[in-house]
$ cat structure14.txt   # compact mmCIF, C-alpha atoms and all ligand atoms
# COMPACT_ATOMS: atom_id res chain seq x y z
CA MET A 244 4.44 62.36 60.58
CA GLN A 245 7.83 64.02 60.99
CA GLU A 246 6.92 66.74 58.49
CA VAL A 247 3.67 67.37 60.30
CA ALA A 248 5.39 67.61 63.67
CA GLU A 249 7.92 70.05 62.28
CA LEU A 250 5.25 72.16 60.60
CA TYR A 251 3.56 72.60 63.99
CA GLY A 252 6.78 73.47 65.75
CA PHE A 253 8.10 70.19 67.12
CA LEU A 254 11.65 69.32 66.19
CA PRO A 255 12.35 65.60 66.61
CA ASN A 256 15.75 64.74 68.09
CA ARG A 257 18.11 62.26 66.42
CA ALA A 258 16.19 59.33 67.84
CA GLY A 259 12.88 60.73 66.60
CA PHE A 260 11.51 61.92 69.94
CA ILE A 261 9.73 65.19 70.65
CA GLN A 262 8.39 66.70 73.87
CA CYS A 263 4.88 65.40 74.31
CA PRO A 264 2.24 68.14 74.09
CA PHE A 265 -0.36 65.85 75.68
CA HIS A 266 1.09 65.53 79.15
CA SER A 267 2.88 68.13 81.26
CA GLY A 268 6.48 68.15 82.37
CA ASP A 269 7.88 66.14 79.47
CA LYS A 270 11.28 67.80 79.50
CA HIS A 271 13.23 65.02 77.85
CA GLY A 272 10.88 64.12 75.04
CA SER A 273 8.88 60.92 75.45
CA LEU A 274 6.88 61.07 72.25
CA LYS A 275 8.37 58.89 69.54
CA ILE A 276 7.67 59.68 65.92
CA TYR A 277 7.90 56.67 63.64
CA PRO A 278 9.08 56.89 60.03
CA GLY A 279 6.71 56.80 57.11
CA ALA A 280 3.11 56.22 58.05
CA GLY A 281 4.08 54.64 61.37
CA GLY A 282 2.43 57.33 63.45
CA TRP A 283 3.54 58.19 66.96
CA HIS A 284 3.48 56.97 70.52
CA CYS A 285 4.20 58.70 73.82
CA PHE A 286 6.01 56.51 76.33
CA GLY A 287 5.15 59.03 79.06
CA CYS A 288 1.37 59.16 78.90
CA GLY A 289 0.59 56.33 76.49
CA ALA A 290 -1.04 58.55 73.87
CA GLY A 291 -0.49 57.56 70.28
CA GLY A 292 -1.99 56.99 66.88
CA SER A 293 -1.88 58.22 63.34
CA VAL A 294 -0.74 61.58 62.12
CA ILE A 295 -4.38 62.62 61.99
CA ASP A 296 -4.91 61.64 65.63
CA PHE A 297 -1.94 63.81 66.49
CA VAL A 298 -3.37 66.87 64.76
CA ALA A 299 -6.85 66.23 66.16
CA ARG A 300 -5.51 66.11 69.72
CA LEU A 301 -3.06 68.94 69.29
CA PHE A 302 -5.72 71.36 68.11
CA ASP A 303 -8.54 69.72 70.03
CA ILE A 304 -10.58 69.20 66.88
CA GLY A 305 -12.41 66.21 65.43
CA PHE A 306 -10.94 63.61 63.12
CA SER A 307 -12.48 65.02 59.96
CA ASN A 308 -11.49 68.60 60.83
CA ALA A 309 -7.97 67.33 61.42
CA CYS A 310 -7.96 65.84 57.91
CA ASP A 311 -9.09 69.16 56.49
CA LYS A 312 -6.50 71.05 58.50
CA LEU A 313 -3.73 68.76 57.28
CA ASN A 314 -4.85 69.21 53.71
CA ALA A 315 -4.99 72.95 54.06
CA ASP A 316 -1.71 73.35 55.94
CA PHE A 317 0.20 70.99 53.71
CA SER A 318 -1.08 72.38 50.44
CA LEU A 319 0.18 75.77 51.63
CA GLY A 320 3.44 74.64 53.06
CA LEU A 321 4.68 71.52 51.42
CA THR A 322 2.86 69.51 48.81
CA GLY A 323 1.04 72.17 46.80
CA LYS A 324 -1.71 69.68 46.13
CA ILE A 325 -4.97 69.08 47.91
CA PRO A 326 -5.89 65.38 47.78
CA SER A 327 -9.36 64.67 46.55
CA ARG A 328 -11.91 63.40 49.00
CA ALA A 329 -11.60 59.95 47.43
CA GLU A 330 -7.80 59.93 47.73
CA LYS A 331 -8.10 61.09 51.29
CA SER A 332 -10.52 58.41 52.32
CA ALA A 333 -8.58 55.73 50.45
CA LEU A 334 -5.48 56.74 52.39
CA LEU A 335 -7.33 56.69 55.69
CA GLU A 336 -8.93 53.38 54.88
CA SER A 337 -5.59 51.79 54.01
CA ARG A 338 -4.08 53.09 57.27
CA ARG A 339 -7.00 51.73 59.24
CA ARG A 340 -6.66 48.38 57.51
CA GLU A 341 -2.93 48.28 58.14
CA ALA A 342 -3.42 49.14 61.81
CA ALA A 343 -6.05 46.41 62.13
CA ARG A 344 -3.82 43.87 60.36
CA LYS A 345 -0.91 44.78 62.63
CA ALA A 346 -3.04 44.48 65.77
CA ALA A 347 -4.28 41.06 64.69
CA ALA A 348 -0.74 39.93 63.85
CA ASP A 349 0.52 41.16 67.24
CA ALA A 350 -2.25 39.31 69.05
CA GLU A 351 -1.52 36.10 67.15
CA TYR A 352 2.20 36.42 67.86
CA LYS A 353 1.53 36.83 71.59
CA ARG A 354 -0.75 33.82 71.52
CA GLN A 355 1.86 31.63 69.81
CA ALA A 356 4.63 32.94 72.07
CA ALA A 357 2.55 31.96 75.11
CA ARG A 358 2.04 28.48 73.65
CA TYR A 359 5.77 28.21 73.06
CA ARG A 360 6.56 29.18 76.66
CA TYR A 361 4.00 26.70 77.91
CA TYR A 362 5.39 23.79 75.87
CA ARG A 363 8.96 24.71 76.79
CA ASP A 364 8.01 24.53 80.48
CA VAL A 365 6.32 21.21 79.84
CA ALA A 366 9.36 19.84 78.01
CA GLU A 367 11.58 20.86 80.90
CA ASN A 368 9.37 19.64 83.70
CA ALA A 369 7.02 16.90 82.54
CA ASP A 370 7.66 13.19 82.82
CA PRO A 371 9.48 12.19 79.59
CA GLN A 372 7.25 9.11 79.37
CA SER A 373 4.05 11.16 79.41
CA ASN A 374 1.86 12.03 76.44
CA LEU A 375 2.08 15.69 77.38
CA PHE A 376 5.86 15.60 77.11
CA ALA A 377 5.63 14.01 73.64
CA GLU A 378 3.11 16.61 72.59
CA ALA A 379 5.35 19.43 73.82
CA VAL A 380 8.43 18.11 72.02
CA LYS A 381 6.42 17.78 68.83
CA ALA A 382 5.00 21.29 69.12
CA LEU A 383 8.18 23.17 69.99
CA ASP A 384 10.08 23.06 66.69
CA PRO A 385 7.27 24.28 64.44
CA LEU A 386 6.37 26.93 67.02
CA GLU A 387 9.92 28.18 67.21
CA TYR A 388 10.05 28.32 63.42
CA TRP A 389 6.75 30.20 63.27
CA LEU A 390 7.87 32.72 65.89
CA ASP A 391 11.12 33.38 64.01
CA GLU A 392 9.25 33.83 60.75
CA ASN A 393 6.66 36.18 62.19
CA LEU A 394 8.82 38.30 64.47
CA GLY A 395 8.02 41.97 63.98
CA ARG A 396 5.38 41.48 61.30
ZN ZN B 401 2.70 62.11 76.56
$ encode --input "structure14.txt" --output "structure tokens" --more "lines below"
Ligand SMILES: [Zn+2]
Amino acid sequence: MQEVAELYGFLPNRAGFIQCPFHSGDKHGSLKIYPGAGGWHCFGCGAGGSVIDFVARLFDIGFSNACDKLNADFSLGLTGKIPSRAEKSALLESRRREAARKAAADAEYKRQAARYRYYRDVAENADPQSNLFAEAVKALDPLEYWLDENLGR
């Protein structure tokens, strides 16, 4: 993503931010470029996605044209090799799968974090003789462990 941004004239600062081309007046650079295949996200306008989404939006072209443009521009400038159609779609597919896995993991983490907060409130406020209190105390340790284990996955 960083190489692509640089090829099209955006120079990320030390923290990996560039000025967002998708909203106006972004003097300080709100668009974060993530390392590797992490894509990008603008904290100003909320735009974000994969490197291909970036190129598609930047040049106002479709997804598949953006793939072609990346292939063309990078075979000229950087890699010297045009990926085959199969390599290209395998790469896209693996990115899509990774994004879907990450989204599902994030959703599950939020769900478990909400359960943890709920049981913590119960443990602090419920009658210690109640079944609900016992349930909360029982649930908290494994939940805390799970949240630690799954943080940032
Ligand atoms: Zn933006």
$ closest_residue --input "structure14.txt" --among "A:Ala366, A:Leu386, A:Ile276, A:Ala350" --to "ligand ZN 401 (chain B)" --atoms "only C-alpha atoms and all ligand atoms"
A:Ile276
$ atom_distance --input "structure14.txt" --atom1 "atom CA of A:His271" --atom2 "atom CA of A:Ala299"
23.3 Å
$ closest_atom_pairs --input "structure14.txt" --of "chain A" --to "ligand ZN 401 (chain B)" --cutoff "10 Å" --atoms "only C-alpha atoms and all ligand atoms" --output "tab-separated table"
residue	atom	partner	partner_atom	distance
A:Ile261	CA	B:ZN401	ZN	9.7
A:Gln262	CA	B:ZN401	ZN	7.8
A:Cys263	CA	B:ZN401	ZN	4.5
A:Pro264	CA	B:ZN401	ZN	6.5
A:Phe265	CA	B:ZN401	ZN	4.9
A:His266	CA	B:ZN401	ZN	4.6
A:Ser267	CA	B:ZN401	ZN	7.6
A:Gly268	CA	B:ZN401	ZN	9.2
A:Asp269	CA	B:ZN401	ZN	7.2
A:Gly272	CA	B:ZN401	ZN	8.6
A:Ser273	CA	B:ZN401	ZN	6.4
A:Leu274	CA	B:ZN401	ZN	6.1
A:Lys275	CA	B:ZN401	ZN	9.6
A:His284	CA	B:ZN401	ZN	8.0
A:Cys285	CA	B:ZN401	ZN	4.6
A:Phe286	CA	B:ZN401	ZN	6.5
A:Gly287	CA	B:ZN401	ZN	4.7
A:Cys288	CA	B:ZN401	ZN	4.0
A:Gly289	CA	B:ZN401	ZN	6.2
A:Ala290	CA	B:ZN401	ZN	5.8
A:Gly291	CA	B:ZN401	ZN	8.4
$ closest_residue --input "structure14.txt" --among "A:Ala346, A:Phe306, A:Val380, A:Tyr388" --to "A:Glu367" --atoms "only C-alpha atoms"
A:Val380
$ atom_distance --input "structure14.txt" --atom1 "atom CA of A:Ala329" --atom2 "atom CA of A:Met244"
20.9 Å
$ atom_distance --input "structure14.txt" --atom1 "atom CA of A:Gln355" --atom2 "atom CA of A:Arg338"
25.6 Å
$ residues_near_point --input "structure14.txt" --point "(7.5, 18.0, 72.1)" --cutoff "12 Å" --atoms "only C-alpha atoms" --output "PyMOL selection string"
chain A and resi 358-359+361-387
$ axis_aligned_box --input "structure14.txt" --around "stretch 343-349 of chain A" --padding-each-side "8 Å" --output "lines of an AutoDock Vina configuration file"
center_x = -2.8
center_y = 43.2
center_z = 63.8
size_x = 22.6
size_y = 22.5
size_z = 22.9
$ closest_residue --input "structure14.txt" --among "A:Ala248, A:Ser318, A:Arg328, A:Tyr277" --to "A:Phe297" --atoms "all atoms listed in the file"
A:Ala248
$ closest_residue --input "structure14.txt" --among "A:Arg257, A:Arg340, A:Leu250, A:Arg300" --to "A:Phe317" --atoms "all atoms listed in the file"
A:Leu250
$ closest_residue --input "structure14.txt" --among "A:Pro255, A:Gly305, A:Gly395, A:Gly281" --to "A:Glu341" --atoms "all atoms listed in the file"
A:Gly281
$ closest_residue --input "structure14.txt" --among "A:Arg339, A:Gly259, A:Arg344, A:Leu394" --to "A:Ser293" --atoms "only C-alpha atoms"
A:Arg339
$ decode --input "structure14.txt" --residues "stretch 350-378 of chain A" --atoms "N, CA, C and O atoms" --output "compact mmCIF listing (two decimals), in the first residue's frame"
# COMPACT_ATOMS: atom_id res chain seq x y z
N ALA A 350 -16.26 -8.74 15.61
CA ALA A 350 -17.65 -8.79 16.10
C ALA A 350 -17.74 -9.70 17.31
O ALA A 350 -18.41 -9.36 18.31
N GLU A 351 -17.06 -10.85 17.25
CA GLU A 351 -17.09 -11.78 18.37
C GLU A 351 -16.42 -11.17 19.60
O GLU A 351 -16.90 -11.31 20.72
N TYR A 352 -15.33 -10.45 19.38
CA TYR A 352 -14.64 -9.82 20.50
C TYR A 352 -15.54 -8.80 21.19
O TYR A 352 -15.65 -8.76 22.41
N LYS A 353 -16.23 -7.99 20.37
CA LYS A 353 -17.15 -6.99 20.94
C LYS A 353 -18.26 -7.67 21.73
O LYS A 353 -18.66 -7.19 22.79
N ARG A 354 -18.74 -8.79 21.19
CA ARG A 354 -19.82 -9.50 21.86
C ARG A 354 -19.35 -10.01 23.24
O ARG A 354 -20.03 -9.84 24.25
N GLN A 355 -18.15 -10.61 23.26
CA GLN A 355 -17.63 -11.15 24.52
C GLN A 355 -17.27 -10.03 25.49
O GLN A 355 -17.43 -10.18 26.70
N ALA A 356 -16.78 -8.91 24.95
CA ALA A 356 -16.45 -7.77 25.82
C ALA A 356 -17.72 -7.22 26.47
O ALA A 356 -17.71 -6.84 27.65
N ALA A 357 -18.81 -7.21 25.73
CA ALA A 357 -20.08 -6.73 26.27
C ALA A 357 -20.57 -7.68 27.37
O ALA A 357 -21.07 -7.23 28.41
N ARG A 358 -20.42 -8.99 27.13
CA ARG A 358 -20.79 -9.96 28.16
C ARG A 358 -19.94 -9.74 29.41
O ARG A 358 -20.45 -9.80 30.54
N TYR A 359 -18.66 -9.51 29.22
CA TYR A 359 -17.77 -9.30 30.36
C TYR A 359 -18.21 -8.08 31.17
O TYR A 359 -18.31 -8.15 32.40
N ARG A 360 -18.50 -6.99 30.47
CA ARG A 360 -18.94 -5.77 31.18
C ARG A 360 -20.23 -6.04 31.94
O ARG A 360 -20.41 -5.59 33.07
N TYR A 361 -21.13 -6.76 31.30
CA TYR A 361 -22.40 -7.08 31.94
C TYR A 361 -22.18 -7.87 33.23
O TYR A 361 -22.67 -7.51 34.29
N TYR A 362 -21.39 -8.94 33.15
CA TYR A 362 -21.17 -9.79 34.32
C TYR A 362 -20.39 -9.06 35.41
O TYR A 362 -20.57 -9.30 36.59
N ARG A 363 -19.49 -8.15 34.99
CA ARG A 363 -18.75 -7.38 35.98
C ARG A 363 -19.70 -6.46 36.75
O ARG A 363 -19.63 -6.36 37.98
N ASP A 364 -20.64 -5.83 36.03
CA ASP A 364 -21.66 -5.01 36.69
C ASP A 364 -22.48 -5.85 37.64
O ASP A 364 -22.78 -5.43 38.76
N VAL A 365 -22.86 -7.04 37.18
CA VAL A 365 -23.66 -7.92 38.02
C VAL A 365 -22.88 -8.27 39.29
O VAL A 365 -23.40 -8.19 40.40
N ALA A 366 -21.61 -8.64 39.11
CA ALA A 366 -20.80 -9.06 40.26
C ALA A 366 -20.64 -7.92 41.27
O ALA A 366 -20.54 -8.15 42.47
N GLU A 367 -20.64 -6.69 40.75
CA GLU A 367 -20.48 -5.55 41.66
C GLU A 367 -21.79 -5.17 42.34
O GLU A 367 -21.78 -4.63 43.45
N ASN A 368 -22.90 -5.42 41.67
CA ASN A 368 -24.16 -4.86 42.15
C ASN A 368 -25.21 -5.88 42.62
O ASN A 368 -26.11 -5.51 43.37
N ALA A 369 -25.08 -7.12 42.17
CA ALA A 369 -26.15 -8.06 42.50
C ALA A 369 -26.00 -8.59 43.93
O ALA A 369 -24.93 -8.50 44.54
N ASP A 370 -27.08 -9.10 44.44
CA ASP A 370 -27.10 -9.73 45.76
C ASP A 370 -26.19 -10.95 45.73
O ASP A 370 -26.39 -11.87 44.94
N PRO A 371 -25.17 -10.99 46.61
CA PRO A 371 -24.21 -12.12 46.59
C PRO A 371 -24.87 -13.47 46.84
O PRO A 371 -24.24 -14.50 46.58
N GLN A 372 -26.09 -13.48 47.34
CA GLN A 372 -26.78 -14.76 47.56
C GLN A 372 -27.53 -15.23 46.32
O GLN A 372 -28.04 -16.35 46.29
N SER A 373 -27.61 -14.34 45.30
CA SER A 373 -28.48 -14.66 44.16
C SER A 373 -27.78 -15.60 43.16
O SER A 373 -26.56 -15.68 43.12
N ASN A 374 -28.61 -16.27 42.38
CA ASN A 374 -28.09 -17.15 41.33
C ASN A 374 -27.34 -16.34 40.28
O ASN A 374 -26.33 -16.80 39.74
N LEU A 375 -27.85 -15.15 40.00
CA LEU A 375 -27.24 -14.31 38.98
C LEU A 375 -25.81 -13.93 39.39
O LEU A 375 -24.89 -13.96 38.56
N PHE A 376 -25.64 -13.63 40.66
CA PHE A 376 -24.30 -13.30 41.16
C PHE A 376 -23.36 -14.49 40.97
O PHE A 376 -22.23 -14.34 40.49
N ALA A 377 -23.83 -15.68 41.34
CA ALA A 377 -23.00 -16.89 41.18
C ALA A 377 -22.64 -17.12 39.72
O ALA A 377 -21.50 -17.46 39.39
N GLU A 378 -23.62 -16.89 38.86
CA GLU A 378 -23.39 -17.07 37.43
C GLU A 378 -22.32 -16.07 36.94
O GLU A 378 -21.42 -16.44 36.18
